[in-house]
Amino acid sequence: MPAPGAGRQRQAPGLVPGGWTTVEGRVRLTSSMSLPRWSRDPWVWGQLILFVLIGIGLPYAARHVPPDSRLAGLLQPRSAWRYLGLAPMTAGLALMAAGVRAMGRNLTPATMPRRHGELVTHGIYRRVRHPIYLGAILVLWGLAWVLSTWIMGLVVAGASLAYFDRKAAVEERNLAARFAEFPAYRDRVPRLLPRLR
């Protein structure tokens with residue numbers, strides 16, 4: 001007895017440009033289904049790894065370090081003062097939300113702007129060119145502080161600032177190539193740290 005649907009399915013006899021193709025009714029399946037462009041951006045994966053290392057790696061390391069070692073003083077939370085880290089976390093989440101709201105349909109985690117996107121310079125983007133990155137730095141700083149110590153919070157803040165500054169630099173090269181008005185905007189608005197007026 002034939003398998004269900006066997007009469008409707010046929011296979012192309014060879015390799016086609018997209019790979020081996022199976023045709024079933026009107027659906028065409030290929031072995032080379034395209035992934036979203038952002039998923040091929042190494043900077044997107046880097047920031048995901050950064051969040052995983054802080055959110056999961058720090059507590060894991062704190063649980064497995066010997067309590068009498070030097071690392072214990074750096075990794076293991078010992079004081080209620082660590083909850084002060086909630087302040088930068090909250091500020092960071094607010095900044096990220098403001099950036100997402102202003103970005104609208106132009107939002108992408110990748111360093112390459114959307115194909116039909118526009119340069120966003122309104123809202124929070126009038127104060128800082130990368131508010132979402134600044135928010136992520138604050139969230140990571142606060143998260144590390146809450147999960148370990150204020151010293152580790154500062155270490156993570158410095159590392160994430162360096163990471164997102166480099167990601168922003170790559171993104172800005174792409175923005176300058178796409179938008180003629182970007183250099184004037186770049187000269188007018190700071191990258192990550194807003195100017196105090």
# chains A, B, ... in the order shown; residues from 1 in each chain; ligands from 1
call {"tool": "residues_around", "arguments": {"residues": "Ala110 in chain A", "least_positions_apart": "6", "cutoff": "12 Å", "atoms": "only C-alpha atoms", "output": "PyMOL selection string"}}
result
chain A and resi 36-48+133+167-168+170-172+174-175
call {"tool": "closest_atom_pairs", "arguments": {"of": "range 76-124 of chain A", "to": "range 61-64 of chain A", "cutoff": "12 Å", "atoms": "only C-alpha atoms", "output": "Markdown table"}}
result
| residue | atom | partner | partner_atom | distance |
| --- | --- | --- | --- | --- |
| A:Gln76 | CA | A:Ala62 | CA | 5.0 |
| A:Pro77 | CA | A:Ala62 | CA | 8.1 |
| A:Arg78 | CA | A:Ala62 | CA | 11.0 |
call {"tool": "atom_distance", "arguments": {"atom1": "CA of Leu75 in chain A", "atom2": "CA of Thr149 in chain A"}}
result
6.2 Å
call {"tool": "select_by_dssp", "arguments": {"residues": "range 4-197 of chain A", "states": "strand (DSSP E or B)", "output": "list in words"}}
result
Gln9, Arg10, Gln11, Ala12, Pro13, Gly14, Leu15, Val16, Gly19, Trp20, Thr21, Thr22, Val23, Glu24, Val27, Arg28, Leu29 and Thr30 of chain A
call {"tool": "write_last_selection", "arguments": {"atoms": "N, CA and C atoms", "output": "PDB file, in the first residue's frame"}}
result
ATOM      1  N   GLN A   9       3.573  13.439  -4.981  1.00  0.00           N
ATOM      2  CA  GLN A   9       4.952  13.906  -4.788  1.00  0.00           C
ATOM      3  C   GLN A   9       5.860  13.370  -5.876  1.00  0.00           C
ATOM      4  N   ARG A  10       6.740  14.248  -6.389  1.00  0.00           N
ATOM      5  CA  ARG A  10       7.742  13.795  -7.346  1.00  0.00           C
ATOM      6  C   ARG A  10       9.046  14.510  -7.043  1.00  0.00           C
ATOM      7  N   GLN A  11      10.122  13.919  -7.396  1.00  0.00           N
ATOM      8  CA  GLN A  11      11.425  14.519  -7.156  1.00  0.00           C
ATOM      9  C   GLN A  11      12.056  14.901  -8.475  1.00  0.00           C
ATOM     10  N   ALA A  12      12.699  16.069  -8.442  1.00  0.00           N
ATOM     11  CA  ALA A  12      13.454  16.476  -9.627  1.00  0.00           C
ATOM     12  C   ALA A  12      14.631  15.523  -9.787  1.00  0.00           C
ATOM     13  N   PRO A  13      14.972  15.165 -11.004  1.00  0.00           N
ATOM     14  CA  PRO A  13      15.975  14.131 -11.213  1.00  0.00           C
ATOM     15  C   PRO A  13      17.399  14.539 -10.909  1.00  0.00           C
ATOM     16  N   GLY A  14      17.659  15.767 -10.586  1.00  0.00           N
ATOM     17  CA  GLY A  14      19.047  16.140 -10.333  1.00  0.00           C
ATOM     18  C   GLY A  14      19.167  17.390  -9.495  1.00  0.00           C
ATOM     19  N   LEU A  15      20.377  17.897  -9.445  1.00  0.00           N
ATOM     20  CA  LEU A  15      20.666  19.077  -8.673  1.00  0.00           C
ATOM     21  C   LEU A  15      20.217  20.314  -9.434  1.00  0.00           C
ATOM     22  N   VAL A  16      19.582  21.239  -8.742  1.00  0.00           N
ATOM     23  CA  VAL A  16      19.178  22.511  -9.334  1.00  0.00           C
ATOM     24  C   VAL A  16      19.949  23.604  -8.615  1.00  0.00           C
ATOM     25  N   GLY A  19      19.790  23.604  -4.941  1.00  0.00           N
ATOM     26  CA  GLY A  19      20.008  22.333  -4.267  1.00  0.00           C
ATOM     27  C   GLY A  19      18.984  21.318  -4.751  1.00  0.00           C
ATOM     28  N   TRP A  20      18.905  20.157  -4.094  1.00  0.00           N
ATOM     29  CA  TRP A  20      17.943  19.119  -4.449  1.00  0.00           C
ATOM     30  C   TRP A  20      16.545  19.639  -4.181  1.00  0.00           C
ATOM     31  N   THR A  21      15.649  19.508  -5.139  1.00  0.00           N
ATOM     32  CA  THR A  21      14.316  20.083  -5.022  1.00  0.00           C
ATOM     33  C   THR A  21      13.267  18.986  -4.964  1.00  0.00           C
ATOM     34  N   THR A  22      12.322  19.130  -4.058  1.00  0.00           N
ATOM     35  CA  THR A  22      11.172  18.249  -3.989  1.00  0.00           C
ATOM     36  C   THR A  22       9.943  19.076  -4.316  1.00  0.00           C
ATOM     37  N   VAL A  23       9.130  18.617  -5.218  1.00  0.00           N
ATOM     38  CA  VAL A  23       7.928  19.355  -5.591  1.00  0.00           C
ATOM     39  C   VAL A  23       6.738  18.578  -5.083  1.00  0.00           C
ATOM     40  N   GLU A  24       5.901  19.209  -4.296  1.00  0.00           N
ATOM     41  CA  GLU A  24       4.696  18.572  -3.786  1.00  0.00           C
ATOM     42  C   GLU A  24       3.565  19.551  -3.995  1.00  0.00           C
ATOM     43  N   VAL A  27       4.064  23.551  -3.639  1.00  0.00           N
ATOM     44  CA  VAL A  27       5.102  23.940  -2.686  1.00  0.00           C
ATOM     45  C   VAL A  27       6.452  23.459  -3.182  1.00  0.00           C
ATOM     46  N   ARG A  28       7.420  24.353  -3.236  1.00  0.00           N
ATOM     47  CA  ARG A  28       8.759  23.983  -3.674  1.00  0.00           C
ATOM     48  C   ARG A  28       9.706  24.097  -2.490  1.00  0.00           C
ATOM     49  N   LEU A  29      10.332  23.013  -2.152  1.00  0.00           N
ATOM     50  CA  LEU A  29      11.259  22.987  -1.032  1.00  0.00           C
ATOM     51  C   LEU A  29      12.669  22.831  -1.574  1.00  0.00           C
ATOM     52  N   THR A  30      13.596  23.623  -1.074  1.00  0.00           N
ATOM     53  CA  THR A  30      14.983  23.475  -1.500  1.00  0.00           C
ATOM     54  C   THR A  30      15.866  23.312  -0.290  1.00  0.00           C
TER      55      THR A  30
END
call {"tool": "closest_residue", "arguments": {"among": "A:Val128, A:Ala176, A:Ile137, A:Met103", "to": "Arg188 in chain A", "atoms": "only C-alpha atoms"}}
result
A:Val128
call {"tool": "residues_around", "arguments": {"residues": "Val146 in chain A", "least_positions_apart": "6", "cutoff": "6 Å", "atoms": "only C-alpha atoms", "output": "tab-separated table (two decimals) with C-alpha atoms, in the first residue's frame"}}
result
chain	number	residue	atom	x	y	z
A	82	ARG	CA	24.38	44.46	44.86
A	83	TYR	CA	20.72	45.27	44.31
A	85	GLY	CA	22.55	47.19	40.07
call {"tool": "residues_around", "arguments": {"residues": "Leu119 in chain A", "least_positions_apart": "4", "cutoff": "12 Å", "atoms": "only C-alpha atoms", "output": "PyMOL selection string"}}
result
chain A and resi 102-107+112-115+125-126+129+172+174-186
call {"tool": "closest_residue", "arguments": {"among": "A:Ile56, A:Ala144, A:Leu95, A:Val65", "to": "Leu192 in chain A", "atoms": "only C-alpha atoms"}}
result
A:Leu95
call {"tool": "closest_residue", "arguments": {"among": "A:Thr108, A:Ala159, A:Ala72, A:Arg127", "to": "Leu140 in chain A", "atoms": "only C-alpha atoms"}}
result
A:Ala159
call {"tool": "atom_distance", "arguments": {"atom1": "CA of His130 in chain A", "atom2": "CA of Arg101 in chain A"}}
result
13.1 Å
